[in-house]
Amino acid sequence: MAESAVEEYRSSLSDLKNNSKPLINMLTILAEENKQYAEHIVKLIEDRLLKAKSLEKLPVLYLLDSIVKNIGSPYIESFATHLVATFCGTFEKVDEKTRQSLYKLRTTWNVIFTAAQMNSVDLAVREIDPAWPVIPLPSSPSTPVPSTTSIHVNPKFINSGSDVLSSGSQVVTSESDLSVTPAVSNRPLAMSDERKLLLQNELSATENRLAEKKLQELQLKQQQQQQ
């Protein structure tokens, strides 16, 4: 059963090559339905990020974002293990515009991952690009993470002050719309039954479209072989 579920996820994940909200939603649902295989799914996503072409990396990172914000545990803990390598491996392979999108995404993770984990990410990225802002660790566990507006932020990553939000806030951008349900607290919220039903319908529609696409590709290949 585990091999079947993991292989199904691998197959669907291989189709994620652009910012397809329906496909990201579908993969998020599959991840929730197969939480018992979370370590395998996380490994698939990490491997996909490593091997994906530069233009295909950001959509896969948006999938990671959607999973940790909408499902939470055990995915947060699993992704946190290699978070620095995952994020930096993506950052160093993409262009400047994508790096700005990565920064916006990173600012929403203060409420998902620990301050120490995010500080490690910031320091590692700064080794690649000295312009990357670093949010300092709080002086004590009771001290809140400083707002990103209180530190110097290179305009290379931020176009306007409205893009920089305090810890625990969200970035309202077209990228954040890719998540199924935005995170609004320190703990990811479970999807409501109504929302889940809506996404299940969307999942079925997406699966049908993918099946039709693969059938068309197979028919085209057969036609080419006959010629």
# chains A, B, ... in the order shown; residues from 1 in each chain; ligands from 1
$ residues_around --residues "segment 86-88 of chain A" --least-positions-apart "2" --cutoff "12 Å" --atoms "only C-alpha atoms" --output "PyMOL selection string"
chain A and resi 42-43+45-51+57-58+60-62+64-65+78-84+90-94+99+102-103+105-106+109+117-118+120-129+132
$ write_last_selection --atoms "C-alpha atoms" --output "PDB file, in the first residue's frame"
ATOM      1  CA  VAL A  42       8.693  14.897   1.801  1.00  0.00           C
ATOM      2  CA  LYS A  43      11.614  13.009   0.253  1.00  0.00           C
ATOM      3  CA  ILE A  45       9.315  16.782  -2.959  1.00  0.00           C
ATOM      4  CA  GLU A  46      12.895  17.441  -1.837  1.00  0.00           C
ATOM      5  CA  ASP A  47      14.242  15.279  -4.672  1.00  0.00           C
ATOM      6  CA  ARG A  48      11.948  17.011  -7.172  1.00  0.00           C
ATOM      7  CA  LEU A  49      13.255  20.408  -6.041  1.00  0.00           C
ATOM      8  CA  LEU A  50      16.814  19.189  -6.437  1.00  0.00           C
ATOM      9  CA  LYS A  51      16.340  17.800  -9.944  1.00  0.00           C
ATOM     10  CA  LYS A  57      11.562  24.894  -8.863  1.00  0.00           C
ATOM     11  CA  LEU A  58       9.329  27.695  -7.556  1.00  0.00           C
ATOM     12  CA  VAL A  60       7.408  22.849  -6.192  1.00  0.00           C
ATOM     13  CA  LEU A  61       8.397  25.150  -3.341  1.00  0.00           C
ATOM     14  CA  TYR A  62       4.853  26.576  -3.411  1.00  0.00           C
ATOM     15  CA  LEU A  64       5.851  22.647   0.115  1.00  0.00           C
ATOM     16  CA  ASP A  65       4.439  25.952   1.369  1.00  0.00           C
ATOM     17  CA  SER A  78       9.949  16.493   8.218  1.00  0.00           C
ATOM     18  CA  PHE A  79      10.601  19.479   5.956  1.00  0.00           C
ATOM     19  CA  ALA A  80      12.441  21.297   8.762  1.00  0.00           C
ATOM     20  CA  THR A  81      15.127  18.598   8.807  1.00  0.00           C
ATOM     21  CA  HIS A  82      16.569  19.691   5.451  1.00  0.00           C
ATOM     22  CA  LEU A  83      14.985  23.143   5.214  1.00  0.00           C
ATOM     23  CA  VAL A  84      18.275  25.014   4.804  1.00  0.00           C
ATOM     24  CA  THR A  90      16.463  26.381  -4.851  1.00  0.00           C
ATOM     25  CA  PHE A  91      17.712  29.924  -4.287  1.00  0.00           C
ATOM     26  CA  GLU A  92      21.113  29.448  -5.901  1.00  0.00           C
ATOM     27  CA  LYS A  93      19.629  27.939  -9.076  1.00  0.00           C
ATOM     28  CA  VAL A  94      16.975  30.561  -9.904  1.00  0.00           C
ATOM     29  CA  ARG A  99      14.629  35.081  -5.711  1.00  0.00           C
ATOM     30  CA  LEU A 102      11.378  33.314  -2.542  1.00  0.00           C
ATOM     31  CA  TYR A 103      11.947  36.181  -0.132  1.00  0.00           C
ATOM     32  CA  LEU A 105       7.510  33.327   0.634  1.00  0.00           C
ATOM     33  CA  ARG A 106      10.141  33.152   3.363  1.00  0.00           C
ATOM     34  CA  TRP A 109       7.259  31.130   7.378  1.00  0.00           C
ATOM     35  CA  GLN A 117      15.365  27.333  11.765  1.00  0.00           C
ATOM     36  CA  MET A 118      14.556  30.482   9.807  1.00  0.00           C
ATOM     37  CA  SER A 120      19.742  29.301   9.809  1.00  0.00           C
ATOM     38  CA  VAL A 121      18.044  29.672   6.417  1.00  0.00           C
ATOM     39  CA  ASP A 122      18.749  33.413   6.339  1.00  0.00           C
ATOM     40  CA  LEU A 123      22.400  33.001   7.244  1.00  0.00           C
ATOM     41  CA  ALA A 124      22.908  30.279   4.652  1.00  0.00           C
ATOM     42  CA  VAL A 125      21.232  32.329   1.902  1.00  0.00           C
ATOM     43  CA  ARG A 126      23.335  35.347   2.819  1.00  0.00           C
ATOM     44  CA  GLU A 127      26.414  33.246   2.075  1.00  0.00           C
ATOM     45  CA  ILE A 128      25.059  33.021  -1.480  1.00  0.00           C
ATOM     46  CA  ASP A 129      23.797  36.597  -1.734  1.00  0.00           C
ATOM     47  CA  TRP A 132      19.675  38.816   1.740  1.00  0.00           C
TER      48      TRP A 132
END
$ residues_around --residues "Asn119 of chain A" --least-positions-apart "5" --cutoff "9 Å" --atoms "only C-alpha atoms" --output "list in words"
Thr114, Ala124, Val134, Ile135, Pro136 and Leu137 of chain A
$ closest_residue --among "A:Ser139, A:Ser14, A:Ser101, A:Thr108" --to "Leu27 of chain A" --atoms "only C-alpha atoms"
A:Ser14
$ residues_around --residues "Leu13 of chain A" --least-positions-apart "3" --cutoff "10 Å" --atoms "only C-alpha atoms" --output "PyMOL selection string"
chain A and resi 7-10+16-17+23-24+26-27+41+44-45+48+60+63
